[in-house]
$ cat work_24.tsv   # TSV, C-alpha atoms and all ligand atoms
chain	number	residue	atom	x	y	z
A	1	LEU	CA	1.93	-79.74	-18.72
A	2	PHE	CA	4.47	-79.98	-15.92
A	3	ALA	CA	3.38	-76.78	-14.23
A	4	GLY	CA	0.74	-78.53	-12.14
A	5	GLU	CA	1.15	-81.42	-9.80
A	6	THR	CA	1.94	-84.82	-11.16
A	7	GLU	CA	0.30	-87.49	-9.06
A	8	PHE	CA	0.77	-91.21	-8.76
A	9	LEU	CA	-2.40	-92.88	-9.98
A	10	LYS	CA	-1.81	-96.62	-9.75
A	11	GLY	CA	0.55	-99.52	-10.21
A	12	VAL	CA	-0.69	-102.11	-12.67
A	13	VAL	CA	0.31	-105.77	-12.69
A	14	ALA	CA	-2.16	-107.08	-15.28
A	15	MET	CA	-3.91	-105.75	-18.36
A	16	SER	CA	-7.22	-105.74	-16.49
A	17	GLY	CA	-5.80	-103.08	-14.19
A	18	LEU	CA	-4.96	-100.54	-16.91
A	19	PRO	CA	-6.83	-97.26	-16.68
A	20	PRO	CA	-9.11	-96.57	-19.69
A	21	ALA	CA	-7.16	-95.38	-22.75
A	22	ASP	CA	-9.10	-92.14	-22.74
A	23	ARG	CA	-6.19	-89.69	-22.62
A	24	ILE	CA	-2.87	-89.37	-24.38
A	25	GLU	CA	0.10	-90.91	-22.63
A	26	VAL	CA	3.87	-91.35	-23.03
A	27	CYS	CA	5.85	-94.13	-21.43
A	28	PHE	CA	9.40	-94.55	-20.14
A	29	ALA	CA	11.35	-97.76	-20.53
A	30	GLY	CA	14.89	-98.72	-19.63
A	31	ARG	CA	17.19	-101.18	-17.97
A	32	SER	CA	17.04	-101.23	-14.21
A	33	ASN	CA	19.40	-98.65	-12.75
A	34	VAL	CA	19.45	-96.56	-15.95
A	35	GLY	CA	18.15	-93.59	-13.95
A	36	LYS	CA	14.48	-93.82	-14.93
A	37	SER	CA	13.00	-92.95	-11.55
A	38	THR	CA	15.45	-90.09	-11.12
A	39	LEU	CA	14.58	-88.73	-14.58
A	40	ILE	CA	10.83	-88.90	-13.97
A	41	ASN	CA	11.31	-87.14	-10.65
A	42	ALA	CA	13.39	-84.44	-12.37
A	43	LEU	CA	10.83	-83.98	-15.16
A	44	THR	CA	7.97	-83.59	-12.77
A	45	GLY	CA	9.91	-81.69	-10.13
A	46	ARG	CA	8.78	-84.17	-7.51
A	47	LYS	CA	11.56	-85.91	-5.72
A	48	GLY	CA	9.78	-88.88	-4.23
A	49	LEU	CA	7.32	-89.50	-7.05
A	50	ALA	CA	8.86	-92.45	-8.83
A	51	ARG	CA	10.72	-94.74	-6.47
A	52	ALA	CA	14.38	-93.96	-6.92
A	53	SER	CA	15.53	-97.46	-6.24
A	54	ASN	CA	13.48	-100.27	-7.62
A	55	THR	CA	13.46	-103.65	-6.03
A	56	PRO	CA	13.18	-106.82	-8.11
A	57	GLY	CA	9.86	-107.62	-6.42
A	58	ARG	CA	8.25	-104.62	-8.07
A	59	THR	CA	9.65	-105.14	-11.54
A	60	GLN	CA	6.37	-106.29	-13.06
A	61	GLU	CA	4.48	-103.14	-12.21
A	62	ILE	CA	3.49	-100.49	-14.74
A	63	ASN	CA	3.10	-97.24	-12.84
A	64	PHE	CA	0.68	-94.57	-14.05
A	65	PHE	CA	1.06	-90.92	-13.14
A	66	THR	CA	-1.43	-88.23	-14.02
A	67	ALA	CA	0.15	-85.22	-15.71
A	68	GLY	CA	-1.57	-81.92	-16.39
A	69	VAL	CA	-5.32	-82.19	-16.45
A	70	ASP	CA	-5.72	-85.12	-18.75
A	71	HIS	CA	-2.52	-86.98	-19.60
A	72	TYR	CA	-0.59	-89.92	-18.26
A	73	LEU	CA	3.10	-90.52	-17.76
A	74	VAL	CA	3.69	-94.25	-17.69
A	75	ASP	CA	6.69	-95.78	-15.94
A	76	LEU	CA	7.34	-99.23	-17.37
A	77	PRO	CA	9.10	-101.76	-15.18
A	78	GLY	CA	12.89	-101.69	-15.44
A	79	TYR	CA	14.29	-104.64	-17.37
A	80	GLY	CA	17.55	-106.51	-17.46
A	81	TYR	CA	17.89	-107.65	-13.88
A	82	ALA	CA	20.76	-110.12	-14.02
A	83	ASN	CA	19.35	-112.23	-11.22
A	84	ALA	CA	15.62	-111.96	-11.82
A	85	PRO	CA	13.86	-115.34	-11.73
A	86	LEU	CA	12.71	-116.58	-15.14
A	87	ALA	CA	9.07	-116.49	-14.04
A	88	VAL	CA	9.43	-112.79	-13.23
A	89	VAL	CA	11.06	-112.04	-16.57
A	90	GLU	CA	8.36	-113.93	-18.46
A	91	LYS	CA	5.54	-112.23	-16.62
A	92	TRP	CA	7.15	-108.86	-17.30
A	93	GLN	CA	7.62	-109.62	-20.99
A	94	ARG	CA	4.02	-110.76	-21.35
A	95	LEU	CA	2.58	-107.66	-19.69
A	96	LEU	CA	4.87	-105.36	-21.64
A	97	LYS	CA	4.00	-106.99	-24.94
A	98	GLN	CA	0.29	-106.70	-24.20
A	99	TYR	CA	0.59	-103.09	-23.12
A	100	LEU	CA	2.66	-102.04	-26.11
A	101	SER	CA	0.60	-103.91	-28.69
A	102	GLY	CA	-2.77	-102.48	-27.94
A	103	ARG	CA	-2.53	-99.15	-26.23
A	104	GLN	CA	-4.28	-96.70	-28.55
A	105	SER	CA	-3.55	-93.72	-26.37
A	106	LEU	CA	0.21	-94.32	-26.22
A	107	ARG	CA	1.82	-91.52	-28.21
A	108	ARG	CA	5.53	-92.24	-27.74
A	109	ALA	CA	7.88	-94.46	-25.76
A	110	PHE	CA	11.07	-92.98	-24.35
A	111	VAL	CA	13.79	-95.61	-24.18
A	112	LEU	CA	16.40	-94.60	-21.63
A	113	ILE	CA	19.99	-95.51	-22.32
A	114	ASP	CA	22.90	-94.99	-19.93
A	115	ALA	CA	25.25	-92.50	-21.64
A	116	ARG	CA	28.22	-94.53	-20.41
A	117	HIS	CA	27.04	-97.84	-21.82
A	118	GLY	CA	25.07	-97.23	-24.99
A	119	ILE	CA	22.50	-99.65	-26.40
A	120	LYS	CA	22.66	-103.22	-25.03
A	121	ASP	CA	21.02	-106.40	-26.28
A	122	VAL	CA	18.12	-106.06	-23.83
A	123	ASP	CA	17.49	-102.56	-25.17
A	124	GLU	CA	17.49	-103.95	-28.72
A	125	GLU	CA	14.78	-106.41	-27.66
A	126	ILE	CA	12.48	-103.69	-26.45
A	127	MET	CA	13.17	-101.60	-29.56
A	128	LYS	CA	12.20	-104.57	-31.74
A	129	ARG	CA	9.00	-104.93	-29.73
A	130	LEU	CA	8.26	-101.24	-30.34
A	131	ASP	CA	8.96	-101.66	-34.07
A	132	THR	CA	6.54	-104.59	-34.18
A	133	SER	CA	3.88	-102.67	-32.30
A	134	ALA	CA	4.50	-99.55	-34.41
A	135	VAL	CA	5.00	-97.41	-31.32
A	136	THR	CA	7.31	-94.51	-32.11
A	137	PHE	CA	10.17	-94.44	-29.66
A	138	GLN	CA	12.84	-91.92	-28.82
A	139	CYS	CA	16.15	-92.55	-27.08
A	140	VAL	CA	17.06	-90.54	-24.02
A	141	LEU	CA	20.64	-90.81	-22.84
A	142	THR	CA	20.88	-90.56	-19.04
A	143	LYS	CA	23.67	-89.62	-16.64
A	144	SER	CA	25.46	-87.48	-19.24
A	145	ASP	CA	27.42	-85.87	-16.39
A	146	LYS	CA	29.25	-89.16	-15.95
A	147	VAL	CA	30.88	-89.21	-19.40
A	148	LYS	CA	33.58	-87.08	-20.96
A	149	ALA	CA	32.84	-85.35	-24.26
A	150	GLY	CA	34.81	-87.81	-26.40
A	151	GLU	CA	33.17	-90.86	-24.90
A	152	ARG	CA	29.75	-89.22	-25.14
A	153	ASP	CA	30.25	-88.59	-28.85
A	154	ARG	CA	31.32	-92.20	-29.41
A	155	ILE	CA	28.19	-93.47	-27.61
A	156	LEU	CA	26.00	-91.01	-29.52
A	157	GLY	CA	27.44	-92.39	-32.74
A	158	GLN	CA	26.70	-95.96	-31.68
A	159	VAL	CA	23.13	-95.06	-30.68
A	160	ARG	CA	22.52	-93.17	-33.92
A	161	GLU	CA	23.82	-96.10	-35.95
A	162	ARG	CA	21.62	-98.62	-34.08
A	163	LEU	CA	18.53	-96.42	-34.29
A	164	SER	CA	18.86	-96.18	-38.07
A	165	LYS	CA	17.93	-99.87	-38.20
A	166	HIS	CA	14.68	-99.44	-36.31
A	167	PRO	CA	11.67	-98.31	-38.31
A	168	ALA	CA	9.86	-97.03	-35.20
A	169	ALA	CA	12.79	-94.96	-33.96
A	170	PHE	CA	12.49	-91.18	-33.84
A	171	PRO	CA	15.88	-89.90	-34.96
A	172	GLU	CA	16.49	-87.13	-32.42
A	173	ILE	CA	18.39	-88.33	-29.35
A	174	VAL	CA	17.96	-86.44	-26.09
A	175	LEU	CA	21.01	-86.11	-23.86
A	176	THR	CA	20.11	-85.69	-20.19
A	177	SER	CA	21.53	-85.46	-16.73
A	178	ALA	CA	19.01	-85.46	-13.91
A	179	GLU	CA	21.91	-84.56	-11.67
A	180	LYS	CA	22.87	-81.38	-13.55
A	181	GLY	CA	19.50	-80.66	-15.11
A	182	GLU	CA	20.86	-80.97	-18.64
A	183	GLY	CA	18.23	-81.84	-21.24
A	184	ILE	CA	15.35	-81.79	-18.76
A	185	PRO	CA	13.65	-78.68	-20.23
A	186	THR	CA	14.17	-80.11	-23.72
A	187	LEU	CA	12.51	-83.39	-22.78
A	188	ARG	CA	9.67	-81.56	-21.05
A	189	ALA	CA	9.09	-79.54	-24.22
A	190	ILE	CA	9.11	-82.68	-26.40
A	191	ILE	CA	6.51	-84.32	-24.18
A	192	ALA	CA	4.38	-81.19	-23.98
A	193	ASP	CA	4.40	-81.02	-27.79
A	194	LEU	CA	3.21	-84.62	-28.06
A	195	VAL	CA	0.27	-84.54	-25.72
A	201	LIG	P1	16.11	-96.77	-12.17
A	201	LIG	O1	16.34	-98.14	-11.63
A	201	LIG	O2	16.22	-96.74	-13.66
A	201	LIG	O3	14.84	-96.13	-11.68
A	201	LIG	O4	17.35	-95.88	-11.68
A	201	LIG	P2	17.43	-94.80	-10.52
A	201	LIG	O5	16.67	-93.57	-10.89
A	201	LIG	O6	17.10	-95.46	-9.22
A	201	LIG	O7	19.00	-94.41	-10.60
A	201	LIG	C1	20.00	-95.39	-10.45
A	201	LIG	C2	21.24	-94.71	-9.88
A	201	LIG	O8	21.78	-93.78	-10.82
A	201	LIG	C3	20.98	-93.93	-8.61
A	201	LIG	O9	22.06	-94.11	-7.74
A	201	LIG	C4	20.91	-92.49	-9.09
A	201	LIG	O10	21.30	-91.57	-8.11
A	201	LIG	C5	21.89	-92.49	-10.24
A	201	LIG	N1	21.54	-91.47	-11.25
A	201	LIG	C6	20.36	-91.32	-11.87
A	201	LIG	N2	20.40	-90.28	-12.74
A	201	LIG	C7	21.64	-89.76	-12.66
A	201	LIG	C8	22.30	-88.65	-13.32
A	201	LIG	O11	21.77	-87.93	-14.17
A	201	LIG	N3	23.61	-88.45	-12.99
A	201	LIG	C9	24.25	-89.21	-12.08
A	201	LIG	N4	25.54	-88.93	-11.84
A	201	LIG	N5	23.67	-90.24	-11.45
A	201	LIG	C10	22.38	-90.51	-11.73
$ encode --input "work_24.tsv" --output "structure tokens" --more "lines below"
Ligand code: GDP
Amino acid sequence: LFAGETEFLKGVVAMSGLPPADRIEVCFAGRSNVGKSTLINALTGRKGLARASNTPGRTQEINFFTAGVDHYLVDLPGYGYANAPLAVVEKWQRLLKQYLSGRQSLRRAFVLIDARHGIKDVDEEIMKRLDTSAVTFQCVLTKSDKVKAGERDRILGQVRERLSKHPAAFPEIVLTSAEKGEGIPTLRAIIADLV
């Protein structure tokens, strides 16, 4: 799946812009700055593919990438900007809700969680949305190189405990570091198995 080129297809700001749901896709969600762009770049082996620093002006965009011959990787807008205007947050929430509620071709959502911080309230909100929409989601811890083993285990315990309360959660947690390459082959294999 990741052997060929992954290409940027389009950025979508409204449901009318979504490409047809004619191929299986997986999406990536996470708080802004969680390391989502860096992870997508590491997965695809293309450094500049997903913008590595998002600006609040682009937060409402859902970015579609073509993967392999007939799959999509979908980069959802980062959430949790402390200073985002309410109108921006509301527009984002509306688009996200619409996308997650009716996307037949969406096979799994990867919810990225900073390995230093664990699950926050804004992450809980998106997980509840995924429960409601019956979209299976899997947690990916990012920046594992930034935590010591003891702290990592404490965060893993917290995440495991929280996930047990979400019907749509897939129990296996993937620990990654885009910096060190940890977990990247594992995540690639999980995605390749799904599509
Ligand atoms: P996004 O807003 O979720 O797309 O986050 P970015 O991909 O732009 O990453 C936010 C910051 O975290 C950047 O400064 C990255 O260099 C850094 N970062 C991302 N992944 C890692 C990682 O695995 N390890 C370390 N140490 N830093 C990372």
$ atom_distance --input "work_24.tsv" --atom1 "atom C10 of ligand LIG 201 (chain A)" --atom2 "CA of Ala168 (chain A)"
27.4 Å
$ axis_aligned_box --input "work_24.tsv" --around "region 126-133 of chain A" --padding-each-side "3 Å" --output "AutoDock Vina command-line options"
--center_x 8.5 --center_y -103.1 --center_z -30.3 --size_x 15.3 --size_y 9.7 --size_z 13.7
$ atom_distance --input "work_24.tsv" --atom1 "CA of Pro19 (chain A)" --atom2 "CA of Thr6 (chain A)"
16.2 Å
$ residues_around --input "work_24.tsv" --residues "region 173-180 of chain A" --least-positions-apart "4" --cutoff "6 Å" --atoms "only C-alpha atoms" --output "mmCIF file with C-alpha atoms, in the coordinates of the input"
data_model
loop_
_atom_site.group_PDB
_atom_site.id
_atom_site.type_symbol
_atom_site.label_atom_id
_atom_site.label_comp_id
_atom_site.auth_asym_id
_atom_site.auth_seq_id
_atom_site.Cartn_x
_atom_site.Cartn_y
_atom_site.Cartn_z
ATOM 1 C CA LEU A 39 14.580 -88.730 -14.580
ATOM 2 C CA ALA A 42 13.390 -84.440 -12.370
ATOM 3 C CA CYS A 139 16.150 -92.550 -27.080
ATOM 4 C CA VAL A 140 17.060 -90.540 -24.020
ATOM 5 C CA LEU A 141 20.640 -90.810 -22.840
ATOM 6 C CA THR A 142 20.880 -90.560 -19.040
ATOM 7 C CA LYS A 143 23.670 -89.620 -16.640
ATOM 8 C CA SER A 144 25.460 -87.480 -19.240
ATOM 9 C CA ASP A 145 27.420 -85.870 -16.390
#
$ closest_residue --input "work_24.tsv" --among "A:Leu112, A:Leu86, A:Val26, A:Val69" --to "ligand LIG 201 (chain A)" --atoms "all atoms listed in the file"
A:Leu112
$ closest_residue --input "work_24.tsv" --among "A:Ala50, A:Leu43, A:Leu96, A:Ala169" --to "ligand LIG 201 (chain A)" --atoms "all atoms listed in the file"
A:Ala50
$ residues_near_ligand --input "work_24.tsv" --ligand "ligand LIG 201 (chain A)" --cutoff "12 Å" --atoms "all atoms listed in the file" --output "ChimeraX atom specification"
/A:28-43,47-56,58-59,63,75-81,111-116,140-147,175-184
$ write_last_selection --input "work_24.tsv" --atoms "C-alpha atoms" --output "PDB file, in the coordinates of the input"
ATOM      1  CA  PHE A  28       9.400 -94.550 -20.140  1.00  0.00           C
ATOM      2  CA  ALA A  29      11.350 -97.760 -20.530  1.00  0.00           C
ATOM      3  CA  GLY A  30      14.890 -98.720 -19.630  1.00  0.00           C
ATOM      4  CA  ARG A  31      17.190-101.180 -17.970  1.00  0.00           C
ATOM      5  CA  SER A  32      17.040-101.230 -14.210  1.00  0.00           C
ATOM      6  CA  ASN A  33      19.400 -98.650 -12.750  1.00  0.00           C
ATOM      7  CA  VAL A  34      19.450 -96.560 -15.950  1.00  0.00           C
ATOM      8  CA  GLY A  35      18.150 -93.590 -13.950  1.00  0.00           C
ATOM      9  CA  LYS A  36      14.480 -93.820 -14.930  1.00  0.00           C
ATOM     10  CA  SER A  37      13.000 -92.950 -11.550  1.00  0.00           C
ATOM     11  CA  THR A  38      15.450 -90.090 -11.120  1.00  0.00           C
ATOM     12  CA  LEU A  39      14.580 -88.730 -14.580  1.00  0.00           C
ATOM     13  CA  ILE A  40      10.830 -88.900 -13.970  1.00  0.00           C
ATOM     14  CA  ASN A  41      11.310 -87.140 -10.650  1.00  0.00           C
ATOM     15  CA  ALA A  42      13.390 -84.440 -12.370  1.00  0.00           C
ATOM     16  CA  LEU A  43      10.830 -83.980 -15.160  1.00  0.00           C
ATOM     17  CA  LYS A  47      11.560 -85.910  -5.720  1.00  0.00           C
ATOM     18  CA  GLY A  48       9.780 -88.880  -4.230  1.00  0.00           C
ATOM     19  CA  LEU A  49       7.320 -89.500  -7.050  1.00  0.00           C
ATOM     20  CA  ALA A  50       8.860 -92.450  -8.830  1.00  0.00           C
ATOM     21  CA  ARG A  51      10.720 -94.740  -6.470  1.00  0.00           C
ATOM     22  CA  ALA A  52      14.380 -93.960  -6.920  1.00  0.00           C
ATOM     23  CA  SER A  53      15.530 -97.460  -6.240  1.00  0.00           C
ATOM     24  CA  ASN A  54      13.480-100.270  -7.620  1.00  0.00           C
ATOM     25  CA  THR A  55      13.460-103.650  -6.030  1.00  0.00           C
ATOM     26  CA  PRO A  56      13.180-106.820  -8.110  1.00  0.00           C
ATOM     27  CA  ARG A  58       8.250-104.620  -8.070  1.00  0.00           C
ATOM     28  CA  THR A  59       9.650-105.140 -11.540  1.00  0.00           C
ATOM     29  CA  ASN A  63       3.100 -97.240 -12.840  1.00  0.00           C
ATOM     30  CA  ASP A  75       6.690 -95.780 -15.940  1.00  0.00           C
ATOM     31  CA  LEU A  76       7.340 -99.230 -17.370  1.00  0.00           C
ATOM     32  CA  PRO A  77       9.100-101.760 -15.180  1.00  0.00           C
ATOM     33  CA  GLY A  78      12.890-101.690 -15.440  1.00  0.00           C
ATOM     34  CA  TYR A  79      14.290-104.640 -17.370  1.00  0.00           C
ATOM     35  CA  GLY A  80      17.550-106.510 -17.460  1.00  0.00           C
ATOM     36  CA  TYR A  81      17.890-107.650 -13.880  1.00  0.00           C
ATOM     37  CA  VAL A 111      13.790 -95.610 -24.180  1.00  0.00           C
ATOM     38  CA  LEU A 112      16.400 -94.600 -21.630  1.00  0.00           C
ATOM     39  CA  ILE A 113      19.990 -95.510 -22.320  1.00  0.00           C
ATOM     40  CA  ASP A 114      22.900 -94.990 -19.930  1.00  0.00           C
ATOM     41  CA  ALA A 115      25.250 -92.500 -21.640  1.00  0.00           C
ATOM     42  CA  ARG A 116      28.220 -94.530 -20.410  1.00  0.00           C
ATOM     43  CA  VAL A 140      17.060 -90.540 -24.020  1.00  0.00           C
ATOM     44  CA  LEU A 141      20.640 -90.810 -22.840  1.00  0.00           C
ATOM     45  CA  THR A 142      20.880 -90.560 -19.040  1.00  0.00           C
ATOM     46  CA  LYS A 143      23.670 -89.620 -16.640  1.00  0.00           C
ATOM     47  CA  SER A 144      25.460 -87.480 -19.240  1.00  0.00           C
ATOM     48  CA  ASP A 145      27.420 -85.870 -16.390  1.00  0.00           C
ATOM     49  CA  LYS A 146      29.250 -89.160 -15.950  1.00  0.00           C
ATOM     50  CA  VAL A 147      30.880 -89.210 -19.400  1.00  0.00           C
ATOM     51  CA  LEU A 175      21.010 -86.110 -23.860  1.00  0.00           C
ATOM     52  CA  THR A 176      20.110 -85.690 -20.190  1.00  0.00           C
ATOM     53  CA  SER A 177      21.530 -85.460 -16.730  1.00  0.00           C
ATOM     54  CA  ALA A 178      19.010 -85.460 -13.910  1.00  0.00           C
ATOM     55  CA  GLU A 179      21.910 -84.560 -11.670  1.00  0.00           C
ATOM     56  CA  LYS A 180      22.870 -81.380 -13.550  1.00  0.00           C
ATOM     57  CA  GLY A 181      19.500 -80.660 -15.110  1.00  0.00           C
ATOM     58  CA  GLU A 182      20.860 -80.970 -18.640  1.00  0.00           C
ATOM     59  CA  GLY A 183      18.230 -81.840 -21.240  1.00  0.00           C
ATOM     60  CA  ILE A 184      15.350 -81.790 -18.760  1.00  0.00           C
TER      61      ILE A 184
END
$ atom_distance --input "work_24.tsv" --atom1 "CA of Arg94 (chain A)" --atom2 "CA of Arg160 (chain A)"
28.5 Å
$ closest_residue --input "work_24.tsv" --among "A:Arg108, A:Tyr99, A:Gln93, A:Ala82" --to "Ile191 (chain A)" --atoms "all atoms listed in the file"
A:Arg108
$ closest_residue --input "work_24.tsv" --among "A:Thr44, A:Gly118, A:Glu7, A:Tyr72" --to "Glu151 (chain A)" --atoms "all atoms listed in the file"
A:Gly118
